[in-house]
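Here's the structure, in structure tokens; my notes come after.
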Amino acid sequence: MMGTKTRNLEILHHLLDQDLYPVIMEGGIIKMPDELKPSPTNQGMETVDGYSTRRSKARSRERSPRWEGPSDRSWSTSSTTPVVCSDIRSIYERDLMQIELAYPESRQWLFDDHMWLLTKSQLTEDGSDPASFLIGITFTLPVSVKAWGFWEGVTPIGPRHTNYGDGSICAFNPADRSWKGGESLVPLLDMYSLWAFRHLHLMKFGYWPGRQHCDTRYERFIEVQDFELCGCGSNTKYIECCKASDQNADLLHEAISFNLRSNNGFRQIPLIVKQFVTDFQKPPPKTILLS
Ligand SMILES: [Zn+2]
């Protein structure tokens, strides 16, 4: 008989593939909304289809971040309303209380012009596969944010949907403006939790659930599995969407330009980041957030 945990993962997989956002509970537990919980008399996946007309009381978003994909550059965003740096710092100082409520095991290292935050997400209700995140935020304009994810110990979470170069998290497409510098970090932490949850799903089932975006055709071809949603960002399976045209394209040419742009597809978490999440002695310098 299928275990509850496996079944919950499967239901969440279907939710995400339908571009629906699950509920993120305190401690970064990814859950299906209560109404969708399978009951003994209602085991069918059809309950998932009813979700779009329902709202959950728990912390959730209207929709998932539309895109996830690595890029060869770090991103930074500036708020549309002009804010001075001291304001950004005070915004995030106040935000720490919200973070404490949403992610109780968090720790922070606050400096004049940036901060480091360490959070833990349980991901599943039994908490058997927790993830931790190290997030750096600058208080200078434009606000720059970088984060790295780790499984228990300091095993990096990735490489899917991480940035080339420093292996930082790519949880959504900045162009989609799912989150902007100056906004509360809790929704951003929720997106990181969901990103790690998708990795958990990928490890257990060999399948990345939900929409995703790959910057180049070559990257799509080497990363996306046939039955995952296509890396062009559509909600169609890759095999039914872009796979045929990818196979017919000049992939050698694409591979060369991809390698030129992406540091040969190389991803390596900076040593100073790994060291810090091991011993918490010396926070990485702010410059690492700007490169
Ligand atoms: Zn496609």
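Letters A, B, ... go to the chains of the structure tokens in the order shown; residues in each chain start at 1; ligands are counted from 1 in the same order.
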Inset, instruction - Can you tell me which residues come within 10 Å of ligand 1 when counting only C-alpha atoms and all ligand atoms, ideally as a PyMOL selection string? - result: chain A and resi 213-214+217+220+229-246
Would you write out those residues with C-alpha atoms, as a PDB file, in the first residue's frame?
```
ATOM      1  CA  HIS A 213      12.291  27.746 -17.558  1.00  0.00           C
ATOM      2  CA  CYS A 214      15.601  27.089 -19.259  1.00  0.00           C
ATOM      3  CA  ARG A 217      17.564  25.248 -26.011  1.00  0.00           C
ATOM      4  CA  ARG A 220      16.539  22.380 -21.975  1.00  0.00           C
ATOM      5  CA  LEU A 229       6.680  20.360 -18.090  1.00  0.00           C
ATOM      6  CA  CYS A 230       8.685  21.856 -20.930  1.00  0.00           C
ATOM      7  CA  GLY A 231      11.621  24.154 -20.195  1.00  0.00           C
ATOM      8  CA  CYS A 232      10.107  26.788 -22.494  1.00  0.00           C
ATOM      9  CA  GLY A 233       7.781  27.595 -19.591  1.00  0.00           C
ATOM     10  CA  SER A 234       4.650  26.080 -21.112  1.00  0.00           C
ATOM     11  CA  ASN A 235       2.373  23.736 -19.214  1.00  0.00           C
ATOM     12  CA  THR A 236       2.860  20.975 -21.757  1.00  0.00           C
ATOM     13  CA  LYS A 237       5.099  17.961 -21.246  1.00  0.00           C
ATOM     14  CA  TYR A 238       8.508  18.395 -22.855  1.00  0.00           C
ATOM     15  CA  ILE A 239       8.032  15.373 -25.114  1.00  0.00           C
ATOM     16  CA  GLU A 240       4.842  16.906 -26.521  1.00  0.00           C
ATOM     17  CA  CYS A 241       6.241  20.439 -26.712  1.00  0.00           C
ATOM     18  CA  CYS A 242       9.767  21.455 -27.729  1.00  0.00           C
ATOM     19  CA  LYS A 243      11.641  18.150 -27.685  1.00  0.00           C
ATOM     20  CA  ALA A 244      11.306  17.378 -31.395  1.00  0.00           C
ATOM     21  CA  SER A 245      12.411  20.841 -32.455  1.00  0.00           C
ATOM     22  CA  ASP A 246      15.311  20.692 -29.970  1.00  0.00           C
TER      23      ASP A 246
END
```
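Proximity to A:Arg89 was assessed for A:Val23, A:Arg7, A:Gly181, A:Pro130 counting only C-alpha atoms; the smallest distance is recorded for A:Gly181.
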Legend entry - Pairwise distance for atom CA of A:Phe139 and atom CA of A:Tyr164, rounded to one decimal in Å: 24.3 Å
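Look at A:Leu289: the protein and nucleic acid residues within 8 Å of it, using only C-alpha atoms and passing over chain neighbours fewer than 5 places away, are A:Gly136, A:Ile137, A:Thr138, A:Ser144, A:Val145, A:Lys146.
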Any chance you could export the current selection's C-alpha atoms as a compact mmCIF listing (two decimals), in the first residue's frame?
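Once everything was written out, this is part-v3.txt:
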```txt
# COMPACT_ATOMS: atom_id res chain seq x y z
CA GLY A 136 22.55 37.20 1.90
CA ILE A 137 20.79 40.54 1.36
CA THR A 138 22.43 43.90 0.65
CA SER A 144 20.95 42.17 -4.20
CA VAL A 145 19.98 38.78 -2.84
CA LYS A 146 21.72 35.45 -3.13
```
Inset, instruction - Just list the residues in stretch 80-259 of chain A DSSP gives strand (DSSP E or B) on the backbone, as a VMD selection string. - result: chain A and resid 107 to 110 114 to 121 123 131 to 138 143 to 151 155 to 156 162 165 169 213 229 232 237
Write to file, as an mmCIF file, in the first residue's frame, the residues of the selection just made, with N, CA and C atoms.
```
data_model
loop_
_atom_site.group_PDB
_atom_site.id
_atom_site.type_symbol
_atom_site.label_atom_id
_atom_site.label_comp_id
_atom_site.auth_asym_id
_atom_site.auth_seq_id
_atom_site.Cartn_x
_atom_site.Cartn_y
_atom_site.Cartn_z
ATOM 1 N N ARG A 107 18.457 32.057 12.060
ATOM 2 C CA ARG A 107 19.507 32.835 12.736
ATOM 3 C C ARG A 107 19.903 33.963 11.799
ATOM 4 N N GLN A 108 20.328 35.074 12.394
ATOM 5 C CA GLN A 108 20.753 36.146 11.497
ATOM 6 C C GLN A 108 22.030 36.841 11.958
ATOM 7 N N TRP A 109 22.748 37.383 10.990
ATOM 8 C CA TRP A 109 23.985 38.122 11.229
ATOM 9 C C TRP A 109 23.801 39.466 10.523
ATOM 10 N N LEU A 110 23.608 40.499 11.319
ATOM 11 C CA LEU A 110 23.226 41.800 10.778
ATOM 12 C C LEU A 110 24.427 42.751 10.735
ATOM 13 N N HIS A 114 24.483 45.029 4.949
ATOM 14 C CA HIS A 114 23.968 43.735 4.460
ATOM 15 C C HIS A 114 23.666 42.823 5.646
ATOM 16 N N MET A 115 22.997 41.730 5.376
ATOM 17 C CA MET A 115 22.818 40.737 6.433
ATOM 18 C C MET A 115 22.854 39.334 5.860
ATOM 19 N N TRP A 116 23.144 38.405 6.720
ATOM 20 C CA TRP A 116 23.080 36.986 6.381
ATOM 21 C C TRP A 116 22.010 36.348 7.255
ATOM 22 N N LEU A 117 21.298 35.432 6.641
ATOM 23 C CA LEU A 117 20.188 34.791 7.318
ATOM 24 C C LEU A 117 20.315 33.289 7.084
ATOM 25 N N LEU A 118 20.131 32.527 8.146
ATOM 26 C CA LEU A 118 20.134 31.076 7.986
ATOM 27 C C LEU A 118 18.758 30.578 8.398
ATOM 28 N N THR A 119 18.097 29.871 7.516
ATOM 29 C CA THR A 119 16.760 29.370 7.851
ATOM 30 C C THR A 119 16.700 27.868 7.611
ATOM 31 N N LYS A 120 15.727 27.256 8.254
ATOM 32 C CA LYS A 120 15.547 25.825 8.061
ATOM 33 C C LYS A 120 14.110 25.561 7.617
ATOM 34 N N SER A 121 13.956 24.719 6.616
ATOM 35 C CA SER A 121 12.625 24.342 6.135
ATOM 36 C C SER A 121 12.460 22.842 6.288
ATOM 37 N N LEU A 123 10.082 21.046 4.957
ATOM 38 C CA LEU A 123 9.574 20.567 3.666
ATOM 39 C C LEU A 123 8.408 19.588 3.796
ATOM 40 N N ALA A 131 15.696 21.055 4.749
ATOM 41 C CA ALA A 131 16.671 21.823 3.965
ATOM 42 C C ALA A 131 17.031 23.066 4.767
ATOM 43 N N SER A 132 18.262 23.539 4.613
ATOM 44 C CA SER A 132 18.585 24.839 5.207
ATOM 45 C C SER A 132 19.064 25.769 4.104
ATOM 46 N N PHE A 133 18.906 27.052 4.368
ATOM 47 C CA PHE A 133 19.247 28.061 3.367
ATOM 48 C C PHE A 133 20.104 29.138 3.997
ATOM 49 N N LEU A 134 21.135 29.525 3.292
ATOM 50 C CA LEU A 134 21.907 30.696 3.685
ATOM 51 C C LEU A 134 21.567 31.786 2.678
ATOM 52 N N ILE A 135 21.045 32.891 3.196
ATOM 53 C CA ILE A 135 20.584 33.973 2.321
ATOM 54 C C ILE A 135 21.340 35.247 2.686
ATOM 55 N N GLY A 136 21.882 35.912 1.688
ATOM 56 C CA GLY A 136 22.549 37.198 1.902
ATOM 57 C C GLY A 136 21.760 38.301 1.216
ATOM 58 N N ILE A 137 21.576 39.420 1.916
ATOM 59 C CA ILE A 137 20.795 40.540 1.364
ATOM 60 C C ILE A 137 21.602 41.818 1.563
ATOM 61 N N THR A 138 21.745 42.608 0.496
ATOM 62 C CA THR A 138 22.429 43.897 0.654
ATOM 63 C C THR A 138 21.396 44.974 0.965
ATOM 64 N N VAL A 143 18.979 46.439 -4.329
ATOM 65 C CA VAL A 143 19.073 45.342 -3.364
ATOM 66 C C VAL A 143 19.496 44.072 -4.106
ATOM 67 N N SER A 144 20.479 43.406 -3.574
ATOM 68 C CA SER A 144 20.950 42.174 -4.199
ATOM 69 C C SER A 144 20.761 41.026 -3.216
ATOM 70 N N VAL A 145 20.235 39.939 -3.701
ATOM 71 C CA VAL A 145 19.975 38.780 -2.840
ATOM 72 C C VAL A 145 20.579 37.541 -3.475
ATOM 73 N N LYS A 146 21.244 36.761 -2.671
ATOM 74 C CA LYS A 146 21.721 35.453 -3.131
ATOM 75 C C LYS A 146 21.454 34.443 -2.042
ATOM 76 N N ALA A 147 21.186 33.224 -2.435
ATOM 77 C CA ALA A 147 20.916 32.191 -1.437
ATOM 78 C C ALA A 147 21.444 30.853 -1.931
ATOM 79 N N TRP A 148 21.828 30.030 -0.978
ATOM 80 C CA TRP A 148 22.276 28.675 -1.285
ATOM 81 C C TRP A 148 21.487 27.702 -0.416
ATOM 82 N N GLY A 149 21.187 26.562 -0.962
ATOM 83 C CA GLY A 149 20.411 25.576 -0.217
ATOM 84 C C GLY A 149 21.235 24.336 0.082
ATOM 85 N N PHE A 150 20.972 23.744 1.238
ATOM 86 C CA PHE A 150 21.716 22.549 1.669
ATOM 87 C C PHE A 150 20.775 21.528 2.288
ATOM 88 N N TRP A 151 21.055 20.279 1.998
ATOM 89 C CA TRP A 151 20.405 19.210 2.746
ATOM 90 C C TRP A 151 21.125 19.083 4.079
ATOM 91 N N THR A 155 25.373 19.179 2.315
ATOM 92 C CA THR A 155 25.269 18.735 0.929
ATOM 93 C C THR A 155 24.487 19.766 0.132
ATOM 94 N N PRO A 156 25.089 20.349 -0.901
ATOM 95 C CA PRO A 156 24.382 21.385 -1.664
ATOM 96 C C PRO A 156 23.132 20.824 -2.349
ATOM 97 N N THR A 162 19.863 26.142 -10.419
ATOM 98 C CA THR A 162 20.798 26.992 -9.684
ATOM 99 C C THR A 162 21.591 27.778 -10.719
ATOM 100 N N GLY A 165 28.219 29.206 -12.218
ATOM 101 C CA GLY A 165 29.206 29.950 -11.443
ATOM 102 C C GLY A 165 29.095 29.570 -9.986
ATOM 103 N N ILE A 169 20.793 29.776 -5.624
ATOM 104 C CA ILE A 169 19.432 29.327 -5.965
ATOM 105 C C ILE A 169 18.783 30.210 -7.021
ATOM 106 N N HIS A 213 11.769 26.971 -16.441
ATOM 107 C CA HIS A 213 12.291 27.746 -17.558
ATOM 108 C C HIS A 213 13.780 27.479 -17.730
ATOM 109 N N LEU A 229 7.168 19.247 -17.282
ATOM 110 C CA LEU A 229 6.680 20.360 -18.090
ATOM 111 C C LEU A 229 7.869 20.966 -18.831
ATOM 112 N N CYS A 232 10.447 25.507 -21.856
ATOM 113 C CA CYS A 232 10.107 26.788 -22.494
ATOM 114 C C CYS A 232 9.124 27.550 -21.623
ATOM 115 N N LYS A 237 3.947 18.840 -21.468
ATOM 116 C CA LYS A 237 5.099 17.961 -21.246
ATOM 117 C C LYS A 237 6.160 18.235 -22.319
#
```
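When atom CA of A:Arg211 is paired with atom CA of A:Val154, their separation reads 27.4 Å.
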Inset, instruction - Using only C-alpha atoms, pick whichever of A:Asp190, A:Glu10, A:Asp19, A:Glu125 has the shortest atom-to-atom distance to A:Ala102. - result: A:Asp190
Inset, instruction - Take atom CA of A:Gly158 and atom CA of A:Gly3 and report the distance between them in Å, one decimal. - result: 26.0 Å
